[in-house]
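Contents: one structure, followed by commentary.
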Amino acid sequence: MGDLEVRDLTVTYDDHVAVQGVNLDLPSGEARVLLGPNGAGKSTVLGAIAGRQRPREGSIQYGGHDLVRTRKHEIARVGVVLCPQEREVFGALSVRENLELGGYIHRRRPPGSGGTGIADIVEIFPKLGVLMDRPGYSLSGGEQQMVAIGRALMARPEVLLLDEPSAGLAPIVVSGIFDVLRDIAESKQLSILIAEQNVPKAFGITSYAYVLSNGRVHHEGPTAELADDPAIATAYLGGYGGAA
C-alpha cells in the first residue's frame, strides 16, 4: 500500500470545466470523504483517479505509478478500484458471475496465492450467500450495491473508491451498507476515498473531508472540525453539525 496524491487536477467535458485545481491526499490505511452537492465534481474526481476520465491538467500518483499515464485496467491491477454510483451490475449474469468478474484481473495468480474470494464476500454480506444463482436484474437496489462493493473487493484493492454508495437506497439499507464500510475502514487493510452526500454516515467512517463546490475544493480538514464549524455546516453540509 502507498499514499494517493492528486495535484492540480482539472477535468473538462468539451468546453465545460467539471473540476479545477483539485488537490487531495489519501494516506495509506485512511478513510477520507469528498462532500458536496450534485454537480460539485465528486464523481469526476473519482473517475479521473480510476482512469475513466482523462485530466486536462494535473497529476495523480499512487505507489510510484503515474495514474494519468496508466490505462484504466492497469490502474485496477496496481490496486486502485472504483465502485461506481451506477453500480453497473450485469443483469444477465448471476450474482456469483458478477463477483467473479471482480477477480478477473488476478486470474493469472496461482491457486492459494491469497486475496479475497467468494466466501470472504459472503462473510461480509451474508445475504449474498442465498442469492448466488440469482440474475443481476432481479436484485433490489440494496442487493445490487452489495454485489457492486463485493465485486470491487474481489479485485483486491489497496485503494477503494466509492461513488455515492447510499444513492437511491432506503435508510435501513444505507445503515447496513455503512456498517460494513465502517468495519472495512477500521481494519485499515486498505485506503478508502468515498464521494457522498449523506454527511452523518460519511462522517461516521472517515477522519478527514474535502468539501467541493463548483468543481473546486472550498474547505478541507478533519471531519470533527468541519462538523463543528457552523458556517461550513450551513453552507456546504446541509446544516449538519455534531457527531455522526
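As shown in the C-alpha cells, the chain order sets the letters A, B, ...; within each chain, residues go from 1, and ligands are also counted from 1 in the order they appear.
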Might you pull out every residue within 10 Å of region 9-14 of chain A, with only C-alpha atoms counted and same-chain residues fewer than 3 positions away left off, and present them as a list in words?
Val6, Val17, Ala18, Val19, Gln20, Gly21, Val22, Asn23, Leu24, Gly41, Thr44, Val45, Gly47, Ala48, Ile49, Gln53, Arg54, Pro55, Arg56, Glu57, Gly58, Ser59, Ile60, Gly215 and Arg216 of chain A
Members of region 33-126 of chain A assigned strand (DSSP E or B) by DSSP, as a list of chain:residue names:
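Reading the DSSP output for region 33-126 of chain A, strand (DSSP E or B) covers A:Val33, A:Leu34, A:Leu35, A:Glu57, A:Gly58, A:Ser59, A:Ile60, A:Gln61, A:Tyr62, A:His65, A:Asp66, A:Val80, A:Val81, A:Leu82, A:Cys83, A:Ser94.
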Contacts of His219 (chain A) within 8 Å, only C-alpha atoms, excl. fewer than 5 positions in-chain, as a list in words
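So, after excluding close chain neighbours, the residues are Tyr210, Val211 and Leu212 of chain A.
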Tell me, as a list in words, which residues lie within 7 Å of Val95 (chain A), counting only C-alpha atoms; anything in the same chain fewer than 3 positions away does not count.
Asn98, Leu99, Leu131, Met132, Asp133, Arg134, Pro135, Gly136 and Val147 of chain A
Using only C-alpha atoms, determine which residues lie at most 12 Å from Ile232 (chain A), disregarding the query and same-chain residues fewer than 4 positions distant; provide the list as a PDB file with N, CA and C atoms, in the first residue's frame.
```
ATOM      1  N   LEU A  35     -17.186  15.616  -0.102  1.00  0.00           N
ATOM      2  CA  LEU A  35     -18.546  16.068   0.140  1.00  0.00           C
ATOM      3  C   LEU A  35     -18.916  17.181  -0.824  1.00  0.00           C
ATOM      4  N   GLY A  36     -20.205  17.343  -1.030  1.00  0.00           N
ATOM      5  CA  GLY A  36     -20.675  18.414  -1.883  1.00  0.00           C
ATOM      6  C   GLY A  36     -21.968  18.024  -2.570  1.00  0.00           C
ATOM      7  N   ALA A 209     -12.141  15.252   5.539  1.00  0.00           N
ATOM      8  CA  ALA A 209     -13.098  15.551   4.473  1.00  0.00           C
ATOM      9  C   ALA A 209     -12.600  16.667   3.567  1.00  0.00           C
ATOM     10  N   TYR A 210     -12.978  16.558   2.304  1.00  0.00           N
ATOM     11  CA  TYR A 210     -12.800  17.617   1.323  1.00  0.00           C
ATOM     12  C   TYR A 210     -14.195  18.063   0.883  1.00  0.00           C
ATOM     13  N   VAL A 211     -14.458  19.349   0.968  1.00  0.00           N
ATOM     14  CA  VAL A 211     -15.768  19.874   0.596  1.00  0.00           C
ATOM     15  C   VAL A 211     -15.643  20.557  -0.757  1.00  0.00           C
ATOM     16  N   LEU A 212     -16.331  19.983  -1.751  1.00  0.00           N
ATOM     17  CA  LEU A 212     -16.280  20.508  -3.111  1.00  0.00           C
ATOM     18  C   LEU A 212     -17.524  21.331  -3.423  1.00  0.00           C
ATOM     19  N   SER A 213     -17.327  22.378  -4.207  1.00  0.00           N
ATOM     20  CA  SER A 213     -18.420  23.174  -4.735  1.00  0.00           C
ATOM     21  C   SER A 213     -17.965  23.768  -6.055  1.00  0.00           C
ATOM     22  N   HIS A 218     -13.337  23.812  -1.580  1.00  0.00           N
ATOM     23  CA  HIS A 218     -13.506  25.067  -0.850  1.00  0.00           C
ATOM     24  C   HIS A 218     -13.069  24.949   0.607  1.00  0.00           C
ATOM     25  N   HIS A 219     -13.175  23.748   1.167  1.00  0.00           N
ATOM     26  CA  HIS A 219     -12.751  23.539   2.551  1.00  0.00           C
ATOM     27  C   HIS A 219     -12.215  22.115   2.670  1.00  0.00           C
ATOM     28  N   GLU A 220     -11.333  21.930   3.614  1.00  0.00           N
ATOM     29  CA  GLU A 220     -10.861  20.591   3.945  1.00  0.00           C
ATOM     30  C   GLU A 220     -10.393  20.568   5.386  1.00  0.00           C
ATOM     31  N   GLY A 221     -10.418  19.383   5.975  1.00  0.00           N
ATOM     32  CA  GLY A 221      -9.942  19.253   7.336  1.00  0.00           C
ATOM     33  C   GLY A 221     -10.515  18.033   8.013  1.00  0.00           C
ATOM     34  N   THR A 223     -12.885  15.668   9.942  1.00  0.00           N
ATOM     35  CA  THR A 223     -14.348  15.705   9.890  1.00  0.00           C
ATOM     36  C   THR A 223     -14.935  16.344  11.148  1.00  0.00           C
ATOM     37  N   ALA A 224     -14.356  16.087  12.303  1.00  0.00           N
ATOM     38  CA  ALA A 224     -14.888  16.658  13.541  1.00  0.00           C
ATOM     39  C   ALA A 224     -14.832  18.178  13.508  1.00  0.00           C
ATOM     40  N   GLU A 225     -13.756  18.733  12.967  1.00  0.00           N
ATOM     41  CA  GLU A 225     -13.625  20.189  12.907  1.00  0.00           C
ATOM     42  C   GLU A 225     -14.627  20.788  11.932  1.00  0.00           C
ATOM     43  N   LEU A 226     -14.815  20.163  10.780  1.00  0.00           N
ATOM     44  CA  LEU A 226     -15.762  20.682   9.801  1.00  0.00           C
ATOM     45  C   LEU A 226     -17.181  20.617  10.340  1.00  0.00           C
ATOM     46  N   ALA A 227     -17.502  19.520  11.015  1.00  0.00           N
ATOM     47  CA  ALA A 227     -18.859  19.360  11.546  1.00  0.00           C
ATOM     48  C   ALA A 227     -19.167  20.402  12.610  1.00  0.00           C
ATOM     49  N   ASP A 228     -18.140  20.846  13.338  1.00  0.00           N
ATOM     50  CA  ASP A 228     -18.345  21.793  14.425  1.00  0.00           C
ATOM     51  C   ASP A 228     -18.268  23.251  13.969  1.00  0.00           C
ATOM     52  N   TYR A 236     -22.395  24.209   3.307  1.00  0.00           N
ATOM     53  CA  TYR A 236     -21.961  23.106   2.451  1.00  0.00           C
ATOM     54  C   TYR A 236     -22.451  21.731   2.886  1.00  0.00           C
ATOM     55  N   LEU A 237     -22.866  21.587   4.134  1.00  0.00           N
ATOM     56  CA  LEU A 237     -23.185  20.262   4.658  1.00  0.00           C
ATOM     57  C   LEU A 237     -24.658  20.109   4.988  1.00  0.00           C
ATOM     58  N   GLY A 238     -25.486  20.931   4.388  1.00  0.00           N
ATOM     59  CA  GLY A 238     -26.923  20.804   4.592  1.00  0.00           C
ATOM     60  C   GLY A 238     -27.352  21.062   6.022  1.00  0.00           C
ATOM     61  N   GLY A 239     -26.580  21.876   6.740  1.00  0.00           N
ATOM     62  CA  GLY A 239     -26.910  22.210   8.108  1.00  0.00           C
ATOM     63  C   GLY A 239     -26.454  21.189   9.129  1.00  0.00           C
ATOM     64  N   TYR A 240     -25.820  20.108   8.657  1.00  0.00           N
ATOM     65  CA  TYR A 240     -25.382  19.056   9.592  1.00  0.00           C
ATOM     66  C   TYR A 240     -24.335  19.591  10.548  1.00  0.00           C
ATOM     67  N   GLY A 241     -24.433  19.201  11.797  1.00  0.00           N
ATOM     68  CA  GLY A 241     -23.423  19.565  12.769  1.00  0.00           C
ATOM     69  C   GLY A 241     -23.412  18.551  13.885  1.00  0.00           C
TER      70      GLY A 241
END
```
Can you pull out the residues contacting Pro126 (chain A)? Cut-off 12 Å, using only C-alpha atoms, and skip same-chain residues under 3 positions away; I want them as number ranges by chain.
A: 118-123, 129-132, 143, 146-147, 150, 176, 180
Could you list, as a count of residues only, every residue within 9 Å of region 29-31 of chain A, counting only C-alpha atoms and ignoring same-chain residues fewer than 6 positions away?
19
Of the residues A:Gly51, A:Ser166, A:Val217, A:Gly63, which is the one nearest to Asp8 (chain A), using only C-alpha atoms?
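That would be A:Val217, the residue with the smallest distance to Asp8 (chain A).
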Rounded to one decimal, what separation in Å do you get between CA of Leu82 (chain A) and CA of Arg7 (chain A)?
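About the pair CA of Leu82 (chain A) and CA of Arg7 (chain A): they are 19.2 Å apart.
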Per-residue DSSP, region 56-217 of chain A, filtered to alpha helix (DSSP H), as a PyMOL selection string:
chain A and resi 72-77+95-102+118-124+141-154+171-187+199-205
Provide the CA of Asp66 (chain A) to CA of Gly39 (chain A) distance in Å, to one decimal place.
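These two atoms are separated by 26.7 Å.
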Restricting the calculation to only C-alpha atoms: of A:Asp163, A:Asp183, A:Glu196, A:Glu5, which residue gets closest to Pro84 (chain A)?
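Between A:Asp163, A:Asp183, A:Glu196, A:Glu5, the residue approaching Pro84 (chain A) most closely is A:Asp163.
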